[in-house]
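Enquirer: After the structure tokens below, expect a handful of questions from me.
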Amino acid sequence: MNWTTMTATAALAICATAYPQTAAAQSSPEVAPLQLQGRTIREIVAPDADQGAAVDSQWVYAIDNSVIAQMAKSDGAPHARWVGPERLLQHMNSCLALEGRLWCANSNYSDTPMASSVEVFDTDPLAHAQSHSLGILDEGSLVWVDRVPEGWIAGFAHYDDNGGLPFKNHAYSGVVRYDEGWRRLGGWAFPASILERLAPDAASGGALGPDGLLYIMGHDRPEMYVTARPVMGPTLIHVATIAVEAEGQAFSWDRTVDERVVYVVDRRIGRVREIEIPPVTIADRDDALPFVP
């Protein structure tokens with residue numbers, strides 16, 4: 001047989017006969033994301049609720065660039081307010097409440113080149129405790145961080161307009177996995193179905209849910225995107241879209257209760273909202289895995 005003159009169609013036919021596809025290798029139809037609805041439980045007046053919200057067993061926190069406001073979780077009463085120097089903390093976008101501390105994502109947005117840091121605060125009393133600079137990163141501006149076993153997971157933003165680079169648009173935004181020492185272990189890109197909803201900005205908020213899935217919010221749309229880790233490849237799986245009464249920005253899961261609730265900001269009117277999130281499952285999917293078992 002003369003392989004140099006064989007047509008591509010004939011060669012593929014022979015290969016398909018000699019090496020039949022296994023069930024796992026056969027292509028399966030793409031599954032459309034579920035469309036779900038969140039339910040607002042209550043709202044808290046918070047003039048500093050501009051960039052994000054965090055929550056622990058006792059307090060709710062509103063974040064605004066170089067400000068963290070601490071309010072009673074029970075009734076929203078103001079308790080403490082930390083104000084940092086804007087020349088040092090330019091864009092603190094979100095915070096994660098964890099074991100008596102806040103782990104906050106900060107960047108030099110809207111300056112370029114993009115540089116980021118993780119700022120750590122004690123919560124009782126509210127005070128800055130330490131800083132870990134990530135420096136200039138090709139990944140973009142750090143917008144959120146979350147804890148995973150033996151390390152961290154973080155979201156980075158690129159923008160089409162203000163704060164962006166002329167050679168990288170919002171599609172270059174992504175998620176990065178780190179070890180305990182903030183050394184990069186890997187990462188994922190966002191799927192087109194989410195990127196088109198984020199444009200011209202990026203994912204402003206992200207957090208792992210109690211189901212081990214990654215929940216994402218954009219800059220201004222009143223919706224949350226649920227993503228899973230792909231079984232293969234570099235692109236996140238878009239599992240569901242959840243309509244919520246909050247127009248984007250950073251948010252936090254309340255990990256101190258059994259209910260599935262998040263705290264989200266409405267920056268237009270200075271509010272933090274507690275929203276119940278419906279359950280999401282990937283049990284029937286063969287292309288998706290949780291980030292945390």
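Chain labels run A, B, ... following the order of the structure tokens; each chain numbers its residues from 1, and ligands are numbered from 1 in the order shown.
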Going by DSSP on the backbone, which bits of range 183-241 of chain A are helix (DSSP H, G or I)? Write them as a list in words, please.
Expert: Ala192, Ser193, Ile194, Leu195, Glu196, Arg197 and Leu198 of chain A
Enquirer: Please produce a file of the residues just selected, as a PDB file, in the first residue's frame, where the atoms kept are C-alpha atoms.
Expert:
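Okay, this is what ended up in part-v5.pdb:
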```pdb
ATOM      1  CA  ALA A 192     -17.095  31.113  25.971  1.00  0.00           C
ATOM      2  CA  SER A 193     -20.618  30.891  27.439  1.00  0.00           C
ATOM      3  CA  ILE A 194     -19.412  32.756  30.557  1.00  0.00           C
ATOM      4  CA  LEU A 195     -16.938  35.089  28.848  1.00  0.00           C
ATOM      5  CA  GLU A 196     -19.664  36.513  26.624  1.00  0.00           C
ATOM      6  CA  ARG A 197     -21.688  37.380  29.734  1.00  0.00           C
ATOM      7  CA  LEU A 198     -18.686  38.965  31.483  1.00  0.00           C
TER       8      LEU A 198
END
```
Enquirer: List as JSON, numbers by chain the protein and nucleic acid residues near Val60 in chain A, meaning an atom at most 8 Å away when only C-alpha atoms are counted, but skip any in the same chain fewer than 5 places from it.
Expert: {"A": [53, 54, 55, 70, 71, 72, 73, 76]}
Enquirer: What does the file look like for those residues with N, CA and C atoms, as a JSON list (two decimals), in the first residue's frame?
Expert:
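Output contents, as saved in part-v7.json:
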```
[["chain", "number", "residue", "atom", "x", "y", "z"],
["A", 53, "ALA", "N", -18.33, 41.51, 49.68],
["A", 53, "ALA", "CA", -18.82, 41.23, 51.03],
["A", 53, "ALA", "C", -18.19, 39.94, 51.54],
["A", 54, "ALA", "N", -18.01, 39.87, 52.85],
["A", 54, "ALA", "CA", -17.52, 38.66, 53.50],
["A", 54, "ALA", "C", -18.36, 38.42, 54.75],
["A", 55, "VAL", "N", -18.29, 37.21, 55.30],
["A", 55, "VAL", "CA", -19.14, 36.87, 56.44],
["A", 55, "VAL", "C", -18.49, 35.76, 57.26],
["A", 70, "GLN", "N", -17.05, 46.53, 59.34],
["A", 70, "GLN", "CA", -17.46, 45.35, 60.09],
["A", 70, "GLN", "C", -18.80, 45.63, 60.77],
["A", 71, "MET", "N", -19.79, 44.77, 60.50],
["A", 71, "MET", "CA", -21.15, 44.97, 61.02],
["A", 71, "MET", "C", -21.63, 43.70, 61.71],
["A", 72, "ALA", "N", -22.50, 43.88, 62.69],
["A", 72, "ALA", "CA", -23.06, 42.72, 63.40],
["A", 72, "ALA", "C", -23.89, 41.88, 62.43],
["A", 73, "LYS", "N", -23.65, 40.59, 62.44],
["A", 73, "LYS", "CA", -24.39, 39.69, 61.56],
["A", 73, "LYS", "C", -25.85, 39.61, 61.95],
["A", 76, "GLY", "N", -26.98, 43.91, 61.60],
["A", 76, "GLY", "CA", -26.33, 44.86, 60.70],
["A", 76, "GLY", "C", -25.79, 46.10, 61.36]]
```
Enquirer: Using only C-alpha atoms, pick whichever of A:Gly38, A:Pro290, A:Pro33, A:Gly163 has the shortest atom-to-atom distance to Glu274 in chain A.
Expert: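 Closest residue, counting only C-alpha atoms: A:Gly38.
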Enquirer: Separation of CA of Arg268 in chain A and CA of Gly209 in chain A, in Å?
Expert: 25.8 Å
Enquirer: Which value, in Å to one decimal, gives the distance between CA of Val67 in chain A and CA of Gly135 in chain A?
Expert: 21.5 Å
Enquirer: Rounded to one decimal, what separation in Å do you get between CA of Leu137 in chain A and CA of Ala250 in chain A?
Expert: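 Distance reported for this atom pair: 20.7 Å.
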Enquirer: Do you know which residues are at most 8 Å from range 232-234 of chain A counting only C-alpha atoms, after dropping those on the same chain fewer than 2 positions away, and could you put them as a PyMOL selection string?
Expert: chain A and resi 187-189+230+236+287
